[in-house]
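Take a look at the structure set out below.
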Amino acid sequence: MSGMIDPKTVAKIIDACDVVDVVSEFVNLRKAGVNYKGLCPFHNEKTPSFMVSPSRGTWHCFGCGKGGTAVGFVMDHEQMTYPEALRWLANKYHIEIVEKEQTDEQRQEQSERESMFIVNEWAKGYFKDVLRNSADGQAIGMQYFRSRGFRDDIIEKFQLGYDLPQRDLLARTALQRGYKEEFLLKTGLCYKTERGELIDRFAGRVMFPWISSSGKVCAFGGRLLDARTKGVQQKYVNSPESLIYKKERELYGIYQAKREIVKQECVFMVEGYTDVISMHQCGIENVVANSGTALSVHQIKMLHRFTNNIVLLYDGDAAGIHAAMRGTDMLLEEGMNIKVLILPDGDDPDSFARKHTAEEFRAYIEQHQKDFIAFKTQLMLDGVTDPVKRSEAINSIVKSVSVIPNPITRATYLADCSRRLGIGEQTLINQMNRFVSENLDEKRKERERTARREEREREAEPQPQQQTPTPQPVAQTPVQPANQPPTLETLIIQFIIKYGDRVIYRDIEAEDGSKLDLTVAQYIDYDLSQDNISFSDPTYNQILAEAVDHSGDEAFSSEQYFVHHGDQQIAQLAVRLTQERYTLSKSFDVEPDERTIRQQAEHLILEFRMSIVNAHLQELKTKIAQAGTSDELPRLLEDYRDTQEIRNALARQLGTDIVVRT
Ligand SMILES: [Zn+2]
């Protein structure tokens, strides 16, 4: 299923799509003239502003601005990647998918994965059937779910089941049905004893299938029942990691939650299966769990595909509050807005959801959720008077702020911290800049380490075409480039698109004695052209040039200009960069003022210059190492010293006090 689709098949699928037909699968449409009309599935509305045009093969919502083709609709609505959407449509229109040529190994791995998913799918059905139709299933499994208050529709929605206590029953049944022992073992449904018996891993447990974001059963969690948990270490057992299940890449409940996450523009993060399920039953569906461990980068990136906003829900006890701090810098680094919600003491999301309606729960969230930085500040500093402890705490808070990719968000947080802490903003800025350049250094070193490792691997593997392909779990869809953290160049371009028309310097004296004002675009262009610096991406240079050209125009709006640009590549870039993802977090409603914009423009340009100088230093280092004692050496060393001086001067301007020793 993970293979590539042959281009001819792609064309066939796109030809077959009827946009009205596809959209109608999810939205009630009615005819309105030559078009069709309905309630938009992407935002909440009472009067229809969602239009489908059969002649153009497109849809568009006048309420939220979303729009596209049939394939795009399936991608957005079902939160699928492009290939997933194509496969979904191929299935709908009964088009046989021709895969691109694959190597034998790829083919074998793919069929192995498919076989594992097929066995898991069968097992899911088996567990459901046992729960509903066997005496033990009713008396033990269903009894347990009822005791948790789960309704039938919720049991069905989460595909819950029960596995009978006979330790070889599932294996025997599976083999009888023709499923192979190999895949019962590879999925971890069974394991083998030394005597060669095939034993059912989940015997006697209620079953929670893990459904990947594309809808396939990749693993199971099984819970022992209360009567049997005495003296047992693990109440829950999970499927072991496999070709189709990488723990750090999955989130429990993502399949059932993804559409609502997109619609609510927010995801709630909880710890356990029953937290997720109880919240759904209470009516809150944008919720996932990660089984109590800190979030991994993969999980964060997966969530970021659906939303910028995450709310971490924790129990009101000390352990819960402590847990709230784990892994949060990674979320900030990914550019997500974090809020924290502490539940009343003694409650977890499961128990709280069972006691309240969705409205009450939402109201509680609305009133009690705290912005993460504010939460951290309060938690670490309330009542702390010891100056050493205070300064450690402030350091830790500023460090958290320093990993946020967007400089404007960083600046806004620092202004806020300065107010809360009663510390001068400049002091905090200096401190943060120190962290920022340390972070940049670390990232650079990490890149170098990766590059060296890859080089070593290339050297060790003289025939790369014989490399075994790294297994990629099929459930994990590739992260689109749009979700990668922005580079410095991208941040500058975003800044130009958003604020390029804003005047940041007034009454500057020009060479001929006249006075002039400078916009952000003009300032950046002027500053960079002094040293012949340009962007590595030609499109970026074009954007800057156009923003400068139009800076004098009456009522020029940089954002409007680029979003509606005739060049689709530029227009799409502008739309992407002006979306909320890279901009101010929602907790800051204020437009930044002239001073903030000027400071940010200056800061971005300094950081950009710094990155160029650092790259040049690296290059010189390599050349010096290779020069040996050649005649080149003195000139290289001199260049190196000069560049270091520039770097130190820049560091001073950036407010850092890194002194580079020669
Ligand atoms: Zn809409």
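How things are named: the first chain in the structure tokens is A, the next is B, and so on; residues count from 1 in each chain; ligands count from 1 in the order shown.
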Distance table requested - chain A against ligand 1, cut-off 9 Å, only C-alpha atoms and all ligand atoms: one row per qualifying residue with the closest atom pair and its distance in Å to one decimal, ordered by chain and rising residue number, as a tab-separated table.
```
residue	atom	partner	partner_atom_place_in_ligand_line	distance
A:Leu39	CA	ligand 1	1 (Zn)	7.8
A:Cys40	CA	ligand 1	1 (Zn)	4.5
A:Pro41	CA	ligand 1	1 (Zn)	6.5
A:Phe42	CA	ligand 1	1 (Zn)	4.9
A:His43	CA	ligand 1	1 (Zn)	4.6
A:Asn44	CA	ligand 1	1 (Zn)	7.3
A:Glu45	CA	ligand 1	1 (Zn)	7.7
A:Pro48	CA	ligand 1	1 (Zn)	8.9
A:Ser49	CA	ligand 1	1 (Zn)	7.0
A:Phe50	CA	ligand 1	1 (Zn)	6.3
A:His60	CA	ligand 1	1 (Zn)	7.9
A:Cys61	CA	ligand 1	1 (Zn)	4.6
A:Phe62	CA	ligand 1	1 (Zn)	6.5
A:Gly63	CA	ligand 1	1 (Zn)	4.7
A:Cys64	CA	ligand 1	1 (Zn)	4.0
A:Gly65	CA	ligand 1	1 (Zn)	6.2
A:Lys66	CA	ligand 1	1 (Zn)	6.1
A:Gly67	CA	ligand 1	1 (Zn)	8.6
```
Name all residues at most 9 Å from segment 379-394 of chain A (count only C-alpha atoms; drop same-chain ones fewer than 3 positions away) and give them as a PyMOL selection string.
chain A and resi 321+374-376+397-399+421+428
Secondary structure check, alpha helix (DSSP H) residues of segment 172-404 of chain A, as a VMD selection string:
chain A and resid 172 to 176 181 to 186 254 to 264 273 to 282 297 to 306 318 to 323 328 to 333 349 to 355 358 to 368 372 to 381 387 to 402
Could you list, as number ranges by chain, every residue within 8 Å of Met116 of chain A, counting only C-alpha atoms and ignoring same-chain residues fewer than 4 positions away?
A: 112, 120, 183-184, 186-187, 244
Provide the atom CA of Leu251 of chain A to atom CA of Pro344 of chain A distance in Å, to one decimal place.
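The value is 25.2 Å.
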